[in-house]
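Structure file work.cif; described as mmCIF, C-alpha atoms and all ligand atoms.
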```cif
data_run
loop_
_atom_site.label_atom_id
_atom_site.label_comp_id
_atom_site.auth_asym_id
_atom_site.auth_seq_id
_atom_site.Cartn_x
_atom_site.Cartn_y
_atom_site.Cartn_z
CA MET D 1 -68.12 -67.80 66.01
CA ALA D 2 -65.83 -67.20 63.07
CA ALA D 3 -66.97 -67.82 59.50
CA ASP D 4 -63.59 -68.88 58.18
CA THR D 5 -61.24 -70.25 60.78
CA ALA D 6 -59.18 -72.43 58.43
CA LYS D 7 -57.11 -69.49 57.16
CA GLY D 8 -56.35 -68.11 60.57
CA THR D 9 -57.72 -64.68 59.57
CA ALA D 10 -61.15 -65.26 61.03
CA THR D 11 -64.11 -63.44 59.50
CA GLN D 12 -66.68 -62.45 62.09
CA LEU D 13 -70.01 -64.24 61.65
CA HIS D 14 -72.91 -61.85 60.98
CA PRO D 15 -75.41 -61.89 63.89
CA ASP D 16 -78.30 -62.62 61.47
CA VAL D 17 -76.57 -65.73 60.13
CA GLU D 18 -77.33 -69.04 61.83
CA SER D 19 -74.46 -71.09 60.40
CA VAL D 20 -71.88 -71.07 57.65
CA VAL D 21 -72.45 -73.35 54.67
CA LEU D 22 -69.40 -72.36 52.61
CA SER D 23 -66.33 -70.56 53.90
CA GLU D 24 -64.24 -68.20 51.78
CA GLU D 25 -61.75 -71.01 51.33
CA ASP D 26 -64.48 -73.43 50.20
CA ILE D 27 -65.69 -70.84 47.69
CA ARG D 28 -62.22 -70.30 46.28
CA GLY D 29 -61.79 -74.03 45.71
CA ILE D 30 -65.19 -74.39 44.06
CA VAL D 31 -64.72 -71.47 41.66
CA THR D 32 -61.19 -72.54 40.70
CA ARG D 33 -62.47 -76.02 39.86
CA MET D 34 -65.36 -74.62 37.80
CA GLY D 35 -62.97 -72.32 35.92
CA ASP D 36 -60.70 -75.26 35.13
CA GLU D 37 -63.64 -77.31 33.80
CA ILE D 38 -64.85 -74.46 31.61
CA SER D 39 -61.33 -73.69 30.33
CA ARG D 40 -60.88 -77.32 29.34
CA ASP D 41 -64.28 -77.58 27.61
CA TYR D 42 -64.08 -74.26 25.75
CA ALA D 43 -60.49 -74.42 24.52
CA GLY D 44 -60.31 -72.73 21.09
CA ARG D 45 -63.67 -71.02 21.53
CA ASN D 46 -64.71 -67.61 22.83
CA PRO D 47 -67.72 -68.13 25.11
CA LEU D 48 -70.07 -65.37 26.16
CA VAL D 49 -70.62 -65.52 29.90
CA VAL D 50 -74.06 -64.17 30.78
CA THR D 51 -74.22 -62.95 34.36
CA VAL D 52 -77.60 -63.12 36.02
CA LEU D 53 -77.78 -59.95 38.11
CA ARG D 54 -77.94 -59.15 40.75
CA GLY D 55 -77.10 -62.30 42.69
CA ALA D 56 -74.42 -63.70 40.38
CA PHE D 57 -72.23 -60.60 40.16
CA ILE D 58 -69.63 -61.72 42.70
CA PHE D 59 -69.54 -65.31 41.49
CA THR D 60 -69.06 -64.17 37.89
CA ALA D 61 -66.28 -61.77 38.82
CA ASP D 62 -64.41 -64.67 40.42
CA LEU D 63 -65.33 -67.21 37.75
CA LEU D 64 -64.09 -65.00 34.90
CA ARG D 65 -60.69 -64.75 36.55
CA ALA D 66 -60.61 -68.54 36.87
CA ILE D 67 -61.37 -69.07 33.17
CA LYS D 68 -58.15 -69.29 31.21
CA VAL D 69 -59.55 -69.15 27.65
CA PRO D 70 -60.61 -65.91 25.92
CA CYS D 71 -64.19 -65.07 26.89
CA GLU D 72 -66.62 -62.19 26.95
CA VAL D 73 -69.14 -61.12 29.57
CA ASP D 74 -72.50 -59.41 29.48
CA PHE D 75 -75.18 -58.77 32.06
CA MET D 76 -78.82 -59.54 32.34
CA ALA D 77 -80.87 -58.51 35.37
CA VAL D 78 -83.90 -60.54 36.38
CA SER D 79 -85.85 -60.72 39.59
CA SER D 80 -88.45 -63.08 40.99
CA TYR D 81 -87.95 -63.06 44.77
CA GLY D 82 -88.33 -59.31 45.35
CA ASN D 83 -87.82 -58.70 49.07
CA GLY D 84 -89.04 -62.12 50.20
CA VAL D 85 -87.75 -65.65 50.69
CA LYS D 86 -90.24 -67.29 48.31
CA SER D 87 -90.33 -66.94 44.54
CA SER D 88 -93.15 -64.73 43.25
CA GLY D 89 -93.53 -67.27 40.43
CA VAL D 90 -92.94 -64.54 37.87
CA VAL D 91 -89.53 -63.68 36.43
CA ARG D 92 -89.22 -59.98 35.67
CA ILE D 93 -86.54 -58.77 33.21
CA VAL D 94 -84.95 -55.69 34.68
CA LYS D 95 -82.13 -55.38 32.13
CA ASP D 96 -81.51 -57.25 28.88
CA LEU D 97 -78.18 -58.12 27.22
CA ASP D 98 -76.41 -55.68 24.91
CA THR D 99 -74.53 -58.49 23.11
CA LYS D 100 -76.00 -60.50 20.22
CA VAL D 101 -76.41 -64.12 21.22
CA GLN D 102 -76.91 -65.62 17.75
CA GLY D 103 -74.14 -68.12 16.96
CA ARG D 104 -72.41 -67.64 20.33
CA ASP D 105 -71.39 -70.24 22.89
CA VAL D 106 -73.33 -68.95 25.88
CA ILE D 107 -72.58 -69.84 29.50
CA ILE D 108 -75.20 -68.57 31.94
CA ALA D 109 -73.56 -67.84 35.30
CA GLU D 110 -76.02 -68.15 38.19
CA ASP D 111 -75.49 -67.92 41.92
CA ILE D 112 -78.20 -70.38 42.95
CA LEU D 113 -80.61 -72.84 41.39
CA ASP D 114 -83.59 -73.19 43.72
CA SER D 115 -87.07 -73.68 42.19
CA GLY D 116 -85.41 -73.49 38.77
CA LEU D 117 -87.89 -70.91 37.54
CA THR D 118 -85.29 -68.23 36.79
CA LEU D 119 -82.97 -70.53 34.84
CA SER D 120 -85.79 -72.27 32.94
CA TYR D 121 -87.06 -68.87 31.89
CA LEU D 122 -83.63 -67.58 30.85
CA ILE D 123 -82.68 -70.69 28.90
CA LYS D 124 -85.93 -70.50 26.92
CA LEU D 125 -85.46 -66.80 26.29
CA LEU D 126 -81.83 -67.15 25.12
CA GLN D 127 -82.51 -70.32 23.08
CA ALA D 128 -84.94 -68.31 20.99
CA ARG D 129 -82.03 -66.03 20.01
CA GLN D 130 -80.29 -68.98 18.31
CA PRO D 131 -76.97 -69.37 20.14
CA ASN D 132 -74.51 -72.03 18.92
CA SER D 133 -74.69 -73.58 22.38
CA ILE D 134 -76.01 -72.75 25.80
CA GLU D 135 -74.85 -74.15 29.13
CA VAL D 136 -75.34 -73.20 32.77
CA ALA D 137 -72.67 -72.68 35.43
CA ALA D 138 -74.48 -72.65 38.77
CA PHE D 139 -72.40 -71.79 41.78
CA SER D 140 -74.90 -73.57 44.02
CA VAL D 141 -77.86 -75.90 43.68
CA LYS D 142 -80.40 -76.19 46.48
CA ASP D 143 -81.21 -79.75 47.48
CA ILE D 144 -84.94 -80.04 47.96
CA GLU D 145 -86.14 -83.43 49.20
CA GLY D 146 -88.33 -85.30 46.74
CA LYS D 147 -87.80 -82.69 44.02
CA GLN D 148 -85.66 -83.06 40.91
CA PRO D 149 -84.09 -79.75 39.79
CA ALA D 150 -86.01 -78.24 36.86
CA VAL D 151 -82.69 -77.53 35.13
CA GLU D 152 -79.51 -79.63 35.04
CA PRO D 153 -76.54 -77.27 34.91
CA ARG D 154 -73.47 -78.45 32.99
CA TYR D 155 -71.28 -76.95 35.73
CA VAL D 156 -72.32 -77.22 39.38
CA GLY D 157 -70.27 -75.60 42.12
CA CYS D 158 -71.87 -77.17 45.18
CA HIS D 159 -75.11 -78.25 46.79
CA VAL D 160 -76.68 -76.23 49.60
CA PRO D 161 -79.34 -77.33 52.10
CA ASP D 162 -83.02 -76.48 51.76
CA ALA D 163 -82.83 -73.23 53.74
CA PHE D 164 -82.63 -69.55 52.80
CA VAL D 165 -78.97 -68.76 52.29
CA VAL D 166 -77.25 -65.40 52.00
CA GLY D 167 -73.81 -64.03 51.19
CA TYR D 168 -71.42 -64.17 48.24
CA GLY D 169 -73.96 -62.17 46.19
CA LEU D 170 -77.09 -63.76 47.63
CA ASP D 171 -79.43 -61.32 49.37
CA PHE D 172 -82.45 -61.03 51.56
CA ALA D 173 -84.23 -57.73 50.77
CA GLU D 174 -80.97 -56.52 49.12
CA ARG D 175 -78.89 -57.08 52.27
CA TYR D 176 -76.07 -59.55 53.02
CA ARG D 177 -74.76 -59.74 49.42
CA ASN D 178 -71.40 -58.48 50.69
CA LEU D 179 -70.79 -61.33 53.15
CA PRO D 180 -67.68 -63.15 51.90
CA TYR D 181 -69.11 -66.57 52.88
CA VAL D 182 -72.47 -68.33 52.33
CA GLY D 183 -74.58 -68.87 55.41
CA ILE D 184 -78.10 -69.77 56.49
CA LEU D 185 -80.16 -66.73 57.44
CA LYS D 186 -81.83 -66.97 60.86
CA PRO D 187 -85.57 -67.56 60.23
CA GLU D 188 -86.49 -64.85 62.77
CA VAL D 189 -84.98 -62.27 60.40
CA TYR D 190 -87.66 -62.92 57.75
CA SER D 191 -90.59 -64.42 59.68
O1 LIG W 1 -84.34 -71.06 41.05
P1 LIG W 1 -85.16 -69.90 41.50
O2 LIG W 1 -86.20 -70.30 42.51
O3 LIG W 1 -85.75 -69.11 40.37
O4 LIG W 1 -84.19 -68.92 42.35
C1 LIG W 1 -82.94 -68.51 41.92
C2 LIG W 1 -82.87 -67.03 41.66
O5 LIG W 1 -83.28 -66.29 42.82
C3 LIG W 1 -82.34 -65.25 43.09
O6 LIG W 1 -82.64 -64.11 42.33
P2 LIG W 1 -83.66 -62.97 42.81
O7 LIG W 1 -84.96 -63.09 42.10
O8 LIG W 1 -83.70 -62.95 44.30
O9 LIG W 1 -82.96 -61.66 42.27
P3 LIG W 1 -81.49 -61.12 42.69
O10 LIG W 1 -80.51 -61.95 41.89
O11 LIG W 1 -81.49 -59.69 42.28
O12 LIG W 1 -81.34 -61.31 44.18
C4 LIG W 1 -81.04 -65.86 42.64
O13 LIG W 1 -80.06 -64.87 42.41
C5 LIG W 1 -81.42 -66.62 41.39
O14 LIG W 1 -81.36 -65.82 40.25
N1 LIG W 2 -80.61 -65.12 48.89
C1 LIG W 2 -81.25 -66.17 48.36
N2 LIG W 2 -81.86 -66.05 47.19
C2 LIG W 2 -82.48 -67.15 46.71
N3 LIG W 2 -83.18 -67.30 45.58
C3 LIG W 2 -83.59 -68.58 45.55
N4 LIG W 2 -83.19 -69.24 46.64
C4 LIG W 2 -82.48 -68.37 47.37
C5 LIG W 2 -81.81 -68.48 48.62
O1 LIG W 2 -81.76 -69.51 49.32
N5 LIG W 2 -81.21 -67.33 49.06
MG MG W 3 -82.64 -61.96 45.59
#
```
Can you present the structure in this file as structure tokens?
Amino acid sequence: MAADTAKGTATQLHPDVESVVLSEEDIRGIVTRMGDEISRDYAGRNPLVVTVLRGAFIFTADLLRAIKVPCEVDFMAVSSYGNGVKSSGVVRIVKDLDTKVQGRDVIIAEDILDSGLTLSYLIKLLQARQPNSIEVAAFSVKDIEGKQPAVEPRYVGCHVPDAFVVGYGLDFAERYRNLPYVGILKPEVYS
């Protein structure tokens, strides 16, 4: 099966992927819309986009090019899933920002909001550095039945089902980040 048939240039579906949730074309539309929203809201300002490595590196690269107002970018690396499909419950800072956050309009760019642990932790950490404002741009939010997200991002790209998804920066044990689409990983790969 092809992962992106709409364009005619079909991408081959990875054998470990059960089904496609977002095609390359879907992703392009989502990121363009998010860039437009941010450009409108931040006109006349110079936001600092904080990329949450590693997962958000591809999303941020696309989002920055969709933002039409001057902006800066810096990188923070955190990890809580390690090589598994369940959060360890502990967010580990692997790399901190080089840029001063005090007085800045911060936009945290995240690839996925799942349990919300990572974003809750980051918001608290960056709030303590006294930014002028802090908002979240989440490319995807996982819909978990009966559970309200712990964080409400100002900018939401899309909702994904309650399954372990990979691609477009999202990994399992560091693999699949390079898939140009987002798909559900076959459970037999991790069970
Ligand atoms: O809402 P949560 O349950 O906290 O999950 C979301 C986080 O999990 C993933 O990061 P991971 O810890 O796998 O590190 P990675 O970005 O290096 O893959 C993802 O990139 C988010 O940052
Ligand atoms: N790759 C990946 N990382 C996650 N981190 C939290 N949820 C997910 C998910 O569904 N996929
Ligand atoms: Mg990961």
Distance criterion (only C-alpha atoms): nearest to Thr118 (chain D) out of D:Ile58, D:Ala173, D:Leu53, D:Val160: D:Leu53
Taking all atoms listed in the file into account, produce a table as JSON lines in which each residue of chain D with an atom at most 8 Å from an atom of ligand MG 3 (chain W) appears once, together with its shortest atom pair and the distance in Å to one decimal, ordered by chain and rising number.
```
{"residue": "D:Arg54", "atom": "CA", "partner": "W:MG3", "partner_atom": "MG", "distance": 7.3}
{"residue": "D:Gly55", "atom": "CA", "partner": "W:MG3", "partner_atom": "MG", "distance": 6.3}
{"residue": "D:Ser79", "atom": "CA", "partner": "W:MG3", "partner_atom": "MG", "distance": 6.9}
{"residue": "D:Ser80", "atom": "CA", "partner": "W:MG3", "partner_atom": "MG", "distance": 7.5}
{"residue": "D:Tyr81", "atom": "CA", "partner": "W:MG3", "partner_atom": "MG", "distance": 5.5}
{"residue": "D:Gly82", "atom": "CA", "partner": "W:MG3", "partner_atom": "MG", "distance": 6.3}
{"residue": "D:Asn83", "atom": "CA", "partner": "W:MG3", "partner_atom": "MG", "distance": 7.0}
{"residue": "D:Gly84", "atom": "CA", "partner": "W:MG3", "partner_atom": "MG", "distance": 7.9}
{"residue": "D:Leu170", "atom": "CA", "partner": "W:MG3", "partner_atom": "MG", "distance": 6.2}
{"residue": "D:Asp171", "atom": "CA", "partner": "W:MG3", "partner_atom": "MG", "distance": 5.0}
{"residue": "D:Phe172", "atom": "CA", "partner": "W:MG3", "partner_atom": "MG", "distance": 6.0}
{"residue": "D:Ala173", "atom": "CA", "partner": "W:MG3", "partner_atom": "MG", "distance": 6.9}
{"residue": "D:Glu174", "atom": "CA", "partner": "W:MG3", "partner_atom": "MG", "distance": 6.7}
```
Go ahead and write the selection's residues with C-alpha atoms as a PDB file, keeping the file's coordinate frame.
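Saved as part.pdb:
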```pdb
ATOM      1  CA  ARG D  54     -77.940 -59.150  40.750  1.00  0.00           C
ATOM      2  CA  GLY D  55     -77.100 -62.300  42.690  1.00  0.00           C
ATOM      3  CA  SER D  79     -85.850 -60.720  39.590  1.00  0.00           C
ATOM      4  CA  SER D  80     -88.450 -63.080  40.990  1.00  0.00           C
ATOM      5  CA  TYR D  81     -87.950 -63.060  44.770  1.00  0.00           C
ATOM      6  CA  GLY D  82     -88.330 -59.310  45.350  1.00  0.00           C
ATOM      7  CA  ASN D  83     -87.820 -58.700  49.070  1.00  0.00           C
ATOM      8  CA  GLY D  84     -89.040 -62.120  50.200  1.00  0.00           C
ATOM      9  CA  LEU D 170     -77.090 -63.760  47.630  1.00  0.00           C
ATOM     10  CA  ASP D 171     -79.430 -61.320  49.370  1.00  0.00           C
ATOM     11  CA  PHE D 172     -82.450 -61.030  51.560  1.00  0.00           C
ATOM     12  CA  ALA D 173     -84.230 -57.730  50.770  1.00  0.00           C
ATOM     13  CA  GLU D 174     -80.970 -56.520  49.120  1.00  0.00           C
TER      14      GLU D 174
END
```
Around all of ligand LIG 2 (chain W)'s listed atoms, make the axis-aligned box with 4 Å on each side and tell me centre and edge lengths in Å to one decimal, as lines of an AutoDock Vina configuration file.
```
center_x = -82.1
center_y = -67.3
center_z = 47.4
size_x = 11.0
size_y = 12.4
size_z = 11.8
```
Within 8 Å of ligand LIG 2 (chain W), counting only C-alpha atoms and all ligand atoms, residues as a ChimeraX atom specification: /D:55,81,85-87,112-115,142,162-167,169-172,177
Residue among D:Val21, D:Val31, D:Cys71, D:Val156 lying closest to Ala43 (chain D), counting all atoms listed in the file: D:Cys71
Nearest candidate to ligand LIG 1 (chain W) (options D:Arg154, D:Lys186, D:Lys124, D:Arg175; using all atoms listed in the file):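 Of the candidates, the smallest distance to ligand LIG 1 (chain W) is held by D:Arg175.
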Top pick for closest residue to Thr51 (chain D), considering D:Ile184, D:Tyr176, D:Leu22, D:Leu122 and counting all atoms listed in the file: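 Of D:Ile184, D:Tyr176, D:Leu22, D:Leu122, the one nearest Thr51 (chain D) is D:Leu122, counting all atoms listed in the file.
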Residue nearest Val50 (chain D) among D:Glu18, D:Asp62, D:Asp98, D:Asp143 (counting all atoms listed in the file):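 The closest residue to Val50 (chain D) is D:Asp98.
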Interatomic distance, CA of Gly44 (chain D) to CA of Val73 (chain D) (Å, one decimal):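 So the answer is 16.9 Å.
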Completed region 15-32 of chain D (N, CA and C atoms) as a tab-separated table (two decimals), in the coordinates of the input:
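Final output, selection.tsv:
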```tsv
chain	number	residue	atom	x	y	z
D	15	PRO	N	-74.44	-61.45	62.87
D	15	PRO	CA	-75.41	-61.89	63.89
D	15	PRO	C	-76.72	-62.43	63.31
D	16	ASP	N	-77.05	-62.11	62.08
D	16	ASP	CA	-78.30	-62.62	61.47
D	16	ASP	C	-78.10	-63.98	60.81
D	17	VAL	N	-76.87	-64.45	60.80
D	17	VAL	CA	-76.57	-65.73	60.13
D	17	VAL	C	-76.48	-66.84	61.17
D	18	GLU	N	-77.25	-67.90	60.90
D	18	GLU	CA	-77.33	-69.04	61.83
D	18	GLU	C	-76.07	-69.90	61.78
D	19	SER	N	-75.66	-70.25	60.55
D	19	SER	CA	-74.46	-71.09	60.40
D	19	SER	C	-73.86	-70.88	59.01
D	20	VAL	N	-72.59	-71.23	58.92
D	20	VAL	CA	-71.88	-71.07	57.65
D	20	VAL	C	-72.00	-72.35	56.83
D	21	VAL	N	-72.36	-72.20	55.57
D	21	VAL	CA	-72.45	-73.35	54.67
D	21	VAL	C	-71.17	-73.49	53.86
D	22	LEU	N	-70.64	-72.36	53.40
D	22	LEU	CA	-69.40	-72.36	52.61
D	22	LEU	C	-68.50	-71.23	53.09
D	23	SER	N	-67.29	-71.58	53.47
D	23	SER	CA	-66.33	-70.56	53.90
D	23	SER	C	-65.69	-69.91	52.68
D	24	GLU	N	-64.94	-68.85	52.90
D	24	GLU	CA	-64.24	-68.20	51.78
D	24	GLU	C	-63.31	-69.19	51.09
D	25	GLU	N	-62.69	-70.03	51.89
D	25	GLU	CA	-61.75	-71.01	51.33
D	25	GLU	C	-62.50	-72.04	50.48
D	26	ASP	N	-63.65	-72.49	50.98
D	26	ASP	CA	-64.48	-73.43	50.20
D	26	ASP	C	-64.82	-72.80	48.85
D	27	ILE	N	-65.25	-71.54	48.90
D	27	ILE	CA	-65.69	-70.84	47.69
D	27	ILE	C	-64.55	-70.75	46.68
D	28	ARG	N	-63.38	-70.41	47.18
D	28	ARG	CA	-62.22	-70.30	46.28
D	28	ARG	C	-61.96	-71.63	45.56
D	29	GLY	N	-62.03	-72.70	46.30
D	29	GLY	CA	-61.79	-74.03	45.71
D	29	GLY	C	-62.83	-74.37	44.66
D	30	ILE	N	-64.08	-74.08	44.97
D	30	ILE	CA	-65.19	-74.39	44.06
D	30	ILE	C	-65.03	-73.60	42.75
D	31	VAL	N	-64.76	-72.32	42.87
D	31	VAL	CA	-64.72	-71.47	41.66
D	31	VAL	C	-63.48	-71.82	40.82
D	32	THR	N	-62.39	-72.14	41.45
D	32	THR	CA	-61.19	-72.54	40.70
D	32	THR	C	-61.48	-73.81	39.90
```
